[in-house]
>>> print(open('work.csv').read())   # CSV, C-alpha atoms
chain,number,residue,atom,x,y,z
A,2,MET,CA,62.1,16.8,-5.3
A,3,THR,CA,59.0,14.7,-5.3
A,4,LYS,CA,55.6,15.1,-6.9
A,5,SER,CA,52.3,13.8,-5.8
A,6,HIS,CA,49.1,12.9,-7.5
A,7,ASP,CA,47.8,15.7,-5.5
A,8,GLY,CA,49.7,18.8,-6.8
A,9,ARG,CA,52.9,17.5,-8.3
A,10,ARG,CA,56.0,19.0,-9.8
A,11,TRP,CA,58.0,18.0,-12.8
A,12,GLY,CA,61.2,19.9,-13.4
A,13,GLY,CA,60.2,22.6,-10.9
A,14,VAL,CA,57.0,23.5,-12.7
A,15,ILE,CA,53.7,22.6,-11.1
A,16,VAL,CA,51.6,20.1,-13.0
A,17,GLY,CA,48.7,18.0,-12.1
A,18,ALA,CA,49.6,14.4,-12.6
A,19,SER,CA,48.6,11.0,-11.2
A,20,LYS,CA,47.9,9.5,-7.9
A,21,ARG,CA,50.9,9.3,-5.7
A,22,LEU,CA,54.5,10.4,-5.4
A,23,VAL,CA,56.8,10.3,-8.5
A,24,GLN,CA,60.4,11.2,-8.4
A,25,VAL,CA,61.7,13.6,-11.0
A,26,SER,CA,64.9,11.6,-11.2
A,27,ALA,CA,63.1,8.6,-12.5
A,28,ILE,CA,61.5,10.2,-15.5
A,29,GLY,CA,64.4,12.5,-16.0
A,30,ALA,CA,66.8,9.6,-16.1
A,31,ALA,CA,64.5,7.7,-18.4
A,32,ALA,CA,64.5,10.7,-20.8
A,33,MET,CA,68.4,10.8,-20.7
A,34,LEU,CA,68.5,7.1,-21.5
A,35,LEU,CA,66.2,7.6,-24.4
A,36,LEU,CA,68.2,10.5,-25.8
A,37,ALA,CA,71.5,8.6,-25.3
A,38,GLY,CA,70.3,5.6,-27.4
A,39,PRO,CA,70.0,1.9,-27.0
A,40,ALA,CA,73.5,1.2,-25.6
A,41,ALA,CA,73.1,3.6,-22.7
A,42,ALA,CA,69.6,2.2,-22.0
A,43,ASP,CA,70.9,-1.2,-21.1
A,44,PRO,CA,69.3,-1.8,-17.7
A,45,ASN,CA,72.3,-3.9,-16.6
A,46,THR,CA,74.4,-0.7,-16.9
A,47,VAL,CA,72.0,2.0,-15.8
A,48,ASN,CA,68.8,1.5,-14.0
A,49,PRO,CA,66.6,4.7,-13.8
A,50,ILE,CA,64.1,3.0,-11.4
A,51,PRO,CA,65.2,3.1,-7.7
A,52,GLY,CA,64.4,0.1,-5.6
A,53,LEU,CA,63.8,-2.3,-8.5
A,54,ASN,CA,65.8,-5.2,-9.9
A,55,GLY,CA,68.4,-3.8,-12.2
A,56,THR,CA,68.2,-6.5,-14.8
A,57,ASN,CA,64.5,-6.4,-15.7
A,58,GLY,CA,63.0,-3.5,-13.8
A,59,LEU,CA,60.9,-5.9,-11.7
A,60,PRO,CA,60.6,-5.9,-7.9
A,61,VAL,CA,61.6,-9.1,-6.1
A,62,LEU,CA,58.5,-10.1,-4.1
A,63,ASN,CA,58.2,-13.0,-1.6
A,64,GLY,CA,54.5,-12.8,-0.8
A,65,ARG,CA,51.4,-14.0,-2.5
A,66,SER,CA,51.8,-12.0,-5.7
A,67,SER,CA,54.7,-11.8,-8.2
A,68,ALA,CA,55.6,-9.2,-10.8
A,69,ILE,CA,55.5,-10.6,-14.3
A,70,ALA,CA,56.6,-7.7,-16.5
A,71,GLN,CA,56.7,-4.0,-16.8
A,72,ALA,CA,53.9,-2.9,-19.0
A,73,THR,CA,55.0,0.7,-19.7
A,74,GLY,CA,58.2,2.7,-19.8
A,75,LEU,CA,61.8,2.1,-20.9
A,76,LEU,CA,62.2,-1.2,-19.2
A,77,SER,CA,59.0,-2.6,-20.8
A,78,PRO,CA,59.1,-4.8,-23.9
A,79,ASN,CA,56.2,-2.7,-25.1
A,80,ARG,CA,58.6,0.2,-25.7
A,81,THR,CA,55.9,2.8,-24.9
A,82,GLN,CA,58.6,5.4,-25.3
A,83,ASP,CA,58.0,4.9,-29.1
A,84,ALA,CA,54.6,6.5,-28.4
A,85,ASN,CA,56.3,9.1,-26.3
A,86,VAL,CA,55.1,7.6,-23.0
A,87,LEU,CA,58.0,7.5,-20.6
A,88,GLY,CA,55.9,7.5,-17.5
A,89,THR,CA,52.2,6.8,-16.8
A,90,ASP,CA,49.9,5.2,-14.3
A,91,LEU,CA,46.7,3.2,-13.7
A,92,GLY,CA,45.8,0.9,-16.6
A,93,ILE,CA,42.1,0.5,-16.6
A,94,MET,CA,41.3,-2.6,-18.8
A,95,TRP,CA,38.2,-3.8,-20.5
A,96,ASP,CA,37.2,-6.2,-23.3
A,97,ASN,CA,36.3,-4.3,-26.5
A,98,GLY,CA,34.0,-7.1,-27.6
A,99,ASN,CA,36.1,-7.8,-30.7
A,100,GLY,CA,39.1,-9.8,-29.5
A,101,GLU,CA,41.1,-7.0,-27.9
A,102,VAL,CA,41.6,-5.5,-24.4
A,103,LEU,CA,41.7,-1.7,-24.3
A,104,THR,CA,43.9,-0.2,-21.5
A,105,ALA,CA,43.4,3.4,-20.5
A,106,PHE,CA,46.2,5.1,-18.6
A,107,GLY,CA,46.1,8.3,-16.6
A,108,ASP,CA,48.5,11.3,-16.8
A,109,SER,CA,51.2,10.3,-19.3
A,110,ALA,CA,54.5,12.1,-19.7
A,111,GLY,CA,57.0,12.1,-22.5
A,112,LEU,CA,59.6,14.3,-24.1
A,113,GLY,CA,58.3,17.4,-25.7
A,114,VAL,CA,58.6,21.1,-26.5
A,115,PRO,CA,58.3,23.2,-23.3
A,116,ASN,CA,54.7,24.3,-22.9
A,117,LEU,CA,54.6,26.8,-20.2
A,118,LEU,CA,51.0,27.7,-21.1
A,119,ASN,CA,50.1,24.3,-19.8
A,120,GLY,CA,52.6,24.6,-16.9
A,121,SER,CA,54.6,21.6,-18.0
A,122,LEU,CA,58.1,21.0,-19.5
A,123,TRP,CA,56.9,17.6,-20.6
A,124,SER,CA,54.5,16.3,-23.2
A,125,TRP,CA,51.8,15.8,-20.7
A,126,ARG,CA,48.6,14.1,-21.7
A,127,SER,CA,45.8,13.5,-19.2
A,128,ASN,CA,44.8,10.1,-20.6
A,129,THR,CA,46.2,7.7,-23.2
A,130,LEU,CA,45.1,4.2,-24.5
A,131,PHE,CA,46.8,1.1,-25.8
A,132,ARG,CA,45.3,-2.0,-27.3
A,133,SER,CA,46.3,-5.7,-26.8
A,134,ALA,CA,45.2,-9.0,-28.2
A,135,ASP,CA,47.7,-11.0,-26.0
A,136,ARG,CA,46.1,-14.0,-24.3
A,137,ASN,CA,49.3,-15.4,-22.9
A,138,LEU,CA,49.9,-13.3,-19.9
A,139,ALA,CA,52.4,-15.6,-18.3
A,140,ASP,CA,55.2,-13.7,-19.9
A,141,GLY,CA,53.7,-10.2,-19.9
A,142,MET,CA,51.0,-8.2,-21.7
A,143,SER,CA,52.0,-7.0,-25.1
A,144,PHE,CA,50.5,-3.9,-26.7
A,145,ASP,CA,49.7,-3.9,-30.4
A,146,SER,CA,48.6,-0.3,-31.1
A,147,SER,CA,47.7,3.0,-29.7
A,148,PRO,CA,45.7,6.0,-30.9
A,149,ARG,CA,48.2,8.6,-32.1
A,150,ASP,CA,48.2,12.3,-32.7
A,151,PHE,CA,49.8,14.3,-35.5
A,152,LEU,CA,53.2,14.1,-33.7
A,153,GLY,CA,53.0,10.3,-33.7
A,154,GLN,CA,52.7,10.0,-29.9
A,155,ALA,CA,49.9,8.3,-28.0
A,156,LYS,CA,47.3,11.0,-28.1
A,157,GLU,CA,45.3,12.6,-25.3
A,158,LEU,CA,41.9,11.1,-25.7
A,159,ILE,CA,39.9,13.7,-23.8
A,160,PRO,CA,41.7,17.0,-23.5
A,161,SER,CA,41.8,19.0,-20.3
A,162,PRO,CA,42.9,22.6,-19.8
A,163,LYS,CA,45.3,21.7,-17.0
A,164,ILE,CA,44.4,24.7,-14.9
A,165,PRO,CA,44.4,24.2,-11.1
A,166,TYR,CA,41.0,24.7,-9.5
A,167,VAL,CA,39.4,24.8,-12.9
A,168,GLU,CA,40.3,21.3,-14.3
A,169,ILE,CA,43.8,20.1,-13.7
A,170,SER,CA,43.3,16.8,-15.4
A,171,ARG,CA,40.6,14.3,-16.8
A,172,ILE,CA,41.5,10.9,-15.5
A,173,PRO,CA,39.9,7.6,-16.7
A,174,THR,CA,38.6,5.3,-14.0
A,175,ALA,CA,36.6,2.6,-15.8
A,176,GLY,CA,35.7,1.2,-19.2
A,177,VAL,CA,33.1,-1.0,-20.8
A,178,ALA,CA,31.9,-2.0,-24.3
A,179,VAL,CA,28.2,-2.0,-25.1
A,180,ASP,CA,26.9,-3.0,-28.6
A,181,GLY,CA,30.3,-2.3,-30.2
A,182,VAL,CA,30.6,1.2,-28.6
A,183,GLN,CA,33.4,1.8,-26.1
A,184,TYR,CA,32.5,3.7,-23.0
A,185,MET,CA,35.0,5.2,-20.6
A,186,SER,CA,34.2,6.9,-17.2
A,187,LEU,CA,36.5,9.8,-16.4
A,188,MET,CA,36.7,12.2,-13.4
A,189,SER,CA,37.3,15.9,-13.9
A,190,VAL,CA,39.9,16.7,-11.3
A,191,LYS,CA,39.6,20.2,-9.8
A,192,ASN,CA,42.5,20.1,-7.4
A,193,TRP,CA,44.9,17.5,-6.3
A,194,GLY,CA,45.1,18.9,-2.7
A,195,GLU,CA,46.7,16.8,0.0
A,196,PRO,CA,48.0,13.3,-0.9
A,197,GLY,CA,45.0,11.0,-1.5
A,198,GLN,CA,42.5,13.8,-1.0
A,199,TRP,CA,41.9,15.3,-4.5
A,200,GLU,CA,38.6,17.0,-5.4
A,201,THR,CA,36.6,16.6,-8.6
A,202,ASN,CA,34.2,18.8,-10.5
A,203,TYR,CA,32.2,15.9,-11.8
A,204,SER,CA,32.5,12.4,-13.4
A,205,GLY,CA,31.0,11.4,-16.7
A,206,LEU,CA,31.2,9.2,-19.7
A,207,ALA,CA,32.9,9.5,-23.1
A,208,PHE,CA,32.3,7.1,-25.9
A,209,SER,CA,34.1,5.9,-29.0
A,210,THR,CA,32.6,4.2,-32.1
A,211,ASP,CA,36.0,3.4,-33.7
A,212,ASN,CA,37.6,1.2,-31.1
A,213,GLY,CA,39.0,3.9,-29.0
A,214,GLU,CA,40.6,6.0,-31.8
A,215,ASN,CA,38.4,9.0,-31.3
A,216,TRP,CA,36.2,9.9,-28.3
A,217,THR,CA,33.2,12.1,-27.7
A,218,VAL,CA,32.2,13.4,-24.3
A,219,ALA,CA,28.6,12.7,-23.3
A,220,PRO,CA,27.7,15.7,-21.0
A,221,GLU,CA,24.3,14.2,-20.2
A,222,THR,CA,26.0,11.6,-18.2
A,223,ASN,CA,27.9,14.0,-15.9
A,224,ARG,CA,27.6,13.5,-12.2
A,225,PRO,CA,28.5,16.7,-10.2
A,226,ALA,CA,30.6,16.0,-7.1
A,227,THR,CA,27.7,16.8,-4.8
A,228,ALA,CA,25.2,14.8,-2.7
A,229,GLY,CA,24.7,11.2,-3.8
A,230,ASN,CA,26.5,11.7,-7.1
A,231,ARG,CA,29.7,12.4,-5.1
A,232,ASN,CA,29.8,8.7,-4.4
A,233,PHE,CA,30.3,7.9,-8.1
A,234,GLN,CA,33.3,10.1,-9.0
A,235,MET,CA,35.5,7.0,-9.5
A,236,SER,CA,34.0,3.8,-10.9
A,237,ALA,CA,34.4,0.2,-11.8
A,238,PHE,CA,32.1,-1.4,-14.4
A,239,VAL,CA,30.8,-5.0,-14.6
A,240,LYS,CA,28.4,-6.4,-17.2
A,241,ASP,CA,26.0,-9.0,-15.9
A,242,GLY,CA,22.5,-10.1,-16.9
A,243,GLY,CA,21.9,-7.3,-19.4
A,244,PHE,CA,22.9,-4.6,-16.9
A,245,VAL,CA,26.1,-2.6,-16.5
A,246,TYR,CA,26.9,-2.4,-12.8
A,247,GLN,CA,28.7,0.7,-11.7
A,248,TYR,CA,30.7,0.5,-8.4
A,249,GLY,CA,31.4,4.1,-7.3
A,250,THR,CA,33.6,5.9,-4.7
A,251,PRO,CA,34.0,9.5,-3.8
A,252,PRO,CA,37.1,11.4,-5.1
A,253,GLY,CA,40.3,10.6,-3.3
A,254,ARG,CA,41.2,7.5,-1.3
A,255,GLY,CA,39.7,5.9,1.8
A,256,GLY,CA,36.0,6.3,0.7
A,257,LEU,CA,33.2,3.7,0.8
A,258,VAL,CA,31.9,1.8,-2.2
A,259,HIS,CA,28.4,2.4,-3.5
A,260,LEU,CA,26.5,0.5,-6.3
A,261,ALA,CA,24.3,1.5,-9.3
A,262,ARG,CA,23.2,-0.4,-12.3
A,263,VAL,CA,21.6,0.4,-15.7
A,264,PRO,CA,20.3,-1.6,-18.6
A,265,GLU,CA,23.2,-1.8,-21.1
A,266,LYS,CA,21.4,0.0,-23.9
A,267,GLN,CA,20.5,2.9,-21.5
A,268,ILE,CA,24.0,3.5,-20.2
A,269,ARG,CA,23.9,7.2,-21.3
A,270,ASP,CA,20.5,7.8,-19.6
A,271,LEU,CA,21.2,8.8,-15.9
A,272,GLY,CA,17.4,8.6,-15.3
A,273,ALA,CA,17.5,4.9,-16.0
A,274,TYR,CA,20.1,4.1,-13.3
A,275,GLU,CA,19.0,2.2,-10.2
A,276,TYR,CA,20.8,2.4,-6.9
A,277,TRP,CA,21.3,-0.4,-4.3
A,278,ASN,CA,20.1,0.7,-0.8
A,279,GLY,CA,21.3,-2.4,0.9
A,280,HIS,CA,18.0,-4.3,0.4
A,281,GLU,CA,16.5,-3.3,-3.0
A,282,TRP,CA,17.1,-1.2,-6.1
A,283,LYS,CA,15.8,2.4,-6.1
A,284,LYS,CA,15.5,4.1,-9.5
A,285,GLY,CA,16.7,7.6,-10.3
A,286,ASP,CA,18.0,8.7,-6.9
A,287,PRO,CA,21.8,8.4,-6.3
A,288,ASN,CA,21.1,9.5,-2.7
A,289,ALA,CA,19.5,6.1,-2.1
A,290,ALA,CA,22.8,4.2,-2.6
A,291,ALA,CA,24.1,2.7,0.6
A,292,PRO,CA,27.7,1.6,1.2
A,293,ILE,CA,28.3,-2.0,0.2
A,294,VAL,CA,32.0,-2.2,1.4
A,295,PHE,CA,33.4,-0.7,4.6
A,296,GLY,CA,36.9,-0.1,5.6
A,297,GLY,CA,37.9,2.5,3.0
A,298,VAL,CA,39.1,1.8,-0.6
A,299,ALA,CA,41.0,3.6,-3.3
A,300,GLU,CA,41.0,3.0,-7.1
A,301,LEU,CA,39.2,-0.2,-7.7
A,302,SER,CA,38.2,-2.9,-10.2
A,303,VAL,CA,35.5,-5.6,-10.1
A,304,GLN,CA,35.1,-8.8,-12.2
A,305,TYR,CA,33.4,-12.2,-12.1
A,306,ASN,CA,35.9,-15.0,-11.8
A,307,GLN,CA,34.8,-18.3,-13.3
A,308,PHE,CA,37.4,-20.4,-11.4
A,309,LEU,CA,36.0,-19.3,-8.0
A,310,GLY,CA,32.4,-18.7,-9.2
A,311,GLN,CA,32.5,-15.4,-7.4
A,312,TYR,CA,32.9,-11.7,-8.0
A,313,LEU,CA,36.2,-10.2,-7.1
A,314,MET,CA,37.0,-6.6,-6.1
A,315,LEU,CA,40.6,-5.3,-6.1
A,316,THR,CA,41.7,-2.1,-4.5
A,317,THR,CA,44.3,-0.7,-2.1
A,318,ASP,CA,43.5,-0.4,1.6
A,319,ASN,CA,44.3,2.3,4.1
A,320,PHE,CA,47.7,0.8,4.6
A,321,ASN,CA,48.4,0.9,0.9
A,322,SER,CA,48.3,-2.9,0.5
A,323,VAL,CA,46.6,-4.4,-2.6
A,324,VAL,CA,43.6,-6.3,-1.3
A,325,MET,CA,40.9,-8.5,-2.8
A,326,ARG,CA,37.3,-9.1,-1.6
A,327,ARG,CA,34.9,-11.9,-2.8
A,328,SER,CA,31.2,-11.9,-3.2
A,329,PRO,CA,28.6,-14.4,-4.5
A,330,SER,CA,26.7,-11.7,-6.3
A,331,PRO,CA,27.2,-8.1,-7.6
A,332,THR,CA,25.5,-6.6,-4.6
A,333,GLY,CA,27.3,-8.6,-2.0
A,334,PRO,CA,27.8,-9.5,0.7
A,335,TRP,CA,31.5,-8.8,0.2
A,336,GLY,CA,33.9,-10.8,2.3
A,337,PRO,CA,36.9,-9.4,4.3
A,338,PRO,CA,40.0,-8.1,2.5
A,339,GLU,CA,42.6,-10.6,1.5
A,340,VAL,CA,46.1,-9.1,1.1
A,341,LEU,CA,47.5,-9.8,-2.4
A,342,LEU,CA,50.5,-7.4,-2.1
A,343,GLU,CA,51.6,-6.0,1.2
A,344,ALA,CA,52.7,-2.4,1.3
A,345,ARG,CA,56.0,-3.4,2.8
A,346,GLU,CA,56.8,-5.5,-0.2
A,347,LEU,CA,56.2,-2.7,-2.7
A,348,PRO,CA,55.4,0.4,-0.6
A,349,THR,CA,55.1,2.7,-3.7
A,350,ALA,CA,52.4,0.7,-5.4
A,351,TYR,CA,48.8,1.9,-6.0
A,352,GLY,CA,45.9,0.9,-8.2
A,353,ALA,CA,44.9,-2.7,-8.9
A,354,TYR,CA,43.0,-3.3,-12.2
A,355,ILE,CA,42.0,-6.9,-13.1
A,356,HIS,CA,42.8,-8.1,-16.6
A,357,PRO,CA,39.4,-8.9,-18.2
A,358,TRP,CA,40.6,-12.3,-19.6
A,359,SER,CA,42.0,-13.4,-16.3
A,360,THR,CA,39.2,-15.7,-15.1
A,361,GLY,CA,41.1,-18.8,-14.0
A,362,PRO,CA,43.2,-19.6,-10.9
A,363,ASP,CA,45.9,-17.2,-12.0
A,364,LEU,CA,44.7,-13.6,-11.4
A,365,TYR,CA,46.5,-11.0,-13.4
A,366,PHE,CA,46.3,-7.3,-12.6
A,367,LEU,CA,48.0,-4.0,-13.3
A,368,THR,CA,49.5,-1.8,-10.5
A,369,THR,CA,51.5,1.4,-10.6
A,370,VAL,CA,54.9,1.9,-9.0
A,371,HIS,CA,55.1,5.6,-8.1
A,372,SER,CA,58.9,5.7,-7.7
A,373,ASN,CA,59.1,4.7,-11.4
A,374,TYR,CA,55.8,6.2,-12.4
A,375,ASN,CA,55.1,3.2,-14.6
A,376,VAL,CA,52.8,0.1,-14.6
A,377,LEU,CA,53.6,-3.5,-13.7
A,378,LEU,CA,51.6,-6.6,-14.7
A,379,MET,CA,51.2,-8.7,-11.5
A,380,ARG,CA,50.0,-12.3,-10.9
A,381,THR,CA,48.5,-14.0,-7.9
A,382,THR,CA,47.2,-17.5,-7.4
A,383,LEU,CA,43.6,-17.8,-6.3
A,384,HIS,CA,42.4,-20.4,-3.8
A,385,PRO,CA,38.8,-21.6,-3.4
>>> encode(input="work.csv", output="structure tokens")
Amino acid sequence: MTKSHDGRRWGGVIVGASKRLVQVSAIGAAAMLLLAGPAAADPNTVNPIPGLNGTNGLPVLNGRSSAIAQATGLLSPNRTQDANVLGTDLGIMWDNGNGEVLTAFGDSAGLGVPNLLNGSLWSWRSNTLFRSADRNLADGMSFDSSPRDFLGQAKELIPSPKIPYVEISRIPTAGVAVDGVQYMSLMSVKNWGEPGQWETNYSGLAFSTDNGENWTVAPETNRPATAGNRNFQMSAFVKDGGFVYQYGTPPGRGGLVHLARVPEKQIRDLGAYEYWNGHEWKKGDPNAAAPIVFGGVAELSVQYNQFLGQYLMLTTDNFNSVVMRRSPSPTGPWGPPEVLLEARELPTAYGAYIHPWSTGPDLYFLTTVHSNYNVLLMRTTLHP
């Protein structure tokens, strides 16, 4: 049995989880290994991840990008199972402004007491977060801490009722720090639908004043999934020149990218946002935003790269390859897609989130492997 980010099943019970297909056998085998103890979890003996290298859980790639380390799951040095995270996806990263990178993950699964009210036999959390101060990414990205709940597991930051066609999950899509406050954009998923075609109720911000430990929803920032606001259901944030730039896409995959910006200190004031119409900024009207990237994108991240002196955008294309575009400015023009990871090399990959401290010739990013339902740290070499 398989499950998709678009109406999935774990253990025969429908749940709403993350963005692509996940095999029950992968998480189930991981749980068995955890219960059996360290000896049975030796990846040289038993590998719960189909299609990956049995010694370290990493795919063998021969293209432009390489897999550095598994960031989550049983085969990760981070031992996220200690926070009861056996499977998770995404990995949206941002600099907290105080020497750490915060990483928000999507639907996270672990062992738990059956909770049929929530429709899940697993400890299912719609969003979790880990912190890292690791600046040497050449050997992986180590996590130092995670907000925990009373059970000691990585806690759900923003709860969701997990009811199909009401709100099946609340998924983080972007994060940014402003004046010591952490902001996270999340989409309220109404229905996963067909693969890659989920629908949302709205997107909006939540904020934390204690470095991600506790979060408060800011309902005044909600964008209903209608008209121009529909183009900002998933986001990527970039701080530049006193503004926070918001790159937005509609729910699902294959949409076009639109652009807004707001003065940093007014990030919670939707009326202060300006929208790029292709020539100039228009204030207060999301319908004025024109597409800035064509060809269809999925989850995305954007960051300025000092080595290239350009802005970089990472996403997956319609063929499910991880691609990168370059631009001399936040508004564009954005160049053609450059393939960093071909779908045939890792056909189960999705998501591409740039590490915020990755500004040199080595570009590090996180991507999810759906057959494993865990996240890898990747590296590619940039060329001027």
>>> atom_distance(input="work.csv", atom1="CA of Lys156 in chain A", atom2="CA of Thr129 in chain A")
6.0 Å
>>> residues_around(input="work.csv", residues="Pro252 in chain A", least_positions_apart="2", cutoff="12 Å", atoms="only C-alpha atoms", output="PyMOL selection string")
chain A and resi 7+20+172+174+187-194+196-204+225-227+230-236+249-250+254-258+298-300
>>> atom_distance(input="work.csv", atom1="CA of Asn319 in chain A", atom2="CA of Thr369 in chain A")
16.4 Å
>>> atom_distance(input="work.csv", atom1="CA of Thr210 in chain A", atom2="CA of Asn97 in chain A")
10.8 Å
>>> closest_residue(input="work.csv", among="A:Thr382, A:Gly310, A:Val376, A:Thr316", to="Leu75 in chain A", atoms="all atoms listed in the file")
A:Val376
